[in-house]
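Notes to accompany the following structure.
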Amino acid sequence: MTIKYIFSDIDGTLLNSHGQVSMTNKRIIQSCSQPLTLVSARAPQEMLPIIDQLQLQTPQIAFNGGVIFQGNSNHWHSLAQKPLDFEVVAQMVLLISKYFPQVSLSFYSLHHWYTQRYDRGIKFEEQLVHQTATIINYRDFFKQAKHKLFKIMLITFDPEEMDRLQKFLHDLNISKINIQQSGTEYLEITSAAAQKAAGIQKILQQENLTIQEAMAVGDGENDLSMLRLVGYPVAMANANYKVRSTARFVTKSNDDQGLGYAIEQLVNQSVWL
């Protein structure tokens, strides 16, 4: 069956290790006859510069499926939303702050990125996404009127602390949330209803396409749901074994234009191994 739609992760997939879209990837994407949607854990505002650079006009998926939106830096609008439960966010933020005070903690509304402390993790993320976090007091924030929130982001550079943090969160046994590690240092919490696969299904339904006609490319464990969904799952060479073993095709690394290579081999040349 012919590939008629492409879905791609951003960090570790479209972007190289310097956080850039290579000229090769840009050329191949813009010359490809099939539409492409970015599917990311990032917030919409963090995706907009890349959307502008690639001149994409398709719907995009943010917050691991928490928001589907369309547009560019001049104007964009939400098409679908799956926010976190506000009380659950308040509970988790206060618990994590108490028991894991060294973990960098922040969370997102549709248009803002909030944190209580400007630490190494926040600085690291600001340099990556070129956004500025808003400093707030957590207790004051959650006493105010309810906000619509989409993602809690946790960053730690200590692998052992990451393991303890994941165990702590899973032991809370909160059914309304989805906990995913999107990189070595990143742990992200979204609504249980927010899945990359669910966002892809919605777009394919709107385009009147089947999942067998879609290709998805990713490198992280938060990409597993979309790789398991589509007919043409592609993993980056820089992905871990679990992600690579889920795919039917492993392309080159993100520093070797692996996304562009996959499009050229599997879409433009209609080659599938």
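Residue numbers start at 1 in each chain; chains themselves are named A, B, ... in the order of the structure tokens; ligands are numbered from 1 in the order shown.
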Identify, on the basis of only C-alpha atoms, every residue whose closest approach to Glu188 (chain A) does not exceed 6 Å; exclude the query and any residue fewer than 6 positions from it along the same chain; express the result as number ranges by chain.
A: 152-153, 179-180
Taking only region 39-271 of chain A into account, list the residues labelled helix (DSSP H, G or I) by DSSP (computed from the backbone), as a ChimeraX atom specification.
/A:44-54,63-65,86-99,120-129,138-143,159-172,196-206,211-213,221-229,241-246,254-256,258-268
Between CA of Glu126 (chain A) and CA of Ser73 (chain A) - distance in Å to one decimal
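One can read the CA of Ser73 (chain A) to CA of Glu126 (chain A) distance as 18.1 Å.
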Residue contacts of region 56-65 of chain A (6 Å, only C-alpha atoms) excluding same-chain residues fewer than 5 positions away, as an MDAnalysis selection string:
chainID A and resid 37:44 51 70 194:196 199
Just give me the gap between CA of Lys202 (chain A) and CA of Val267 (chain A) in Å, one decimal is fine.
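Separation of CA of Lys202 (chain A) and CA of Val267 (chain A): 21.8 Å.
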Identify which of the residues A:Ile68, A:Val93, A:Val129, A:Ala145 lies closest to Gln45 (chain A), counting only C-alpha atoms when measuring atom-to-atom distances.
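Among A:Ile68, A:Val93, A:Val129, A:Ala145, it is A:Val129 that comes nearest to Gln45 (chain A).
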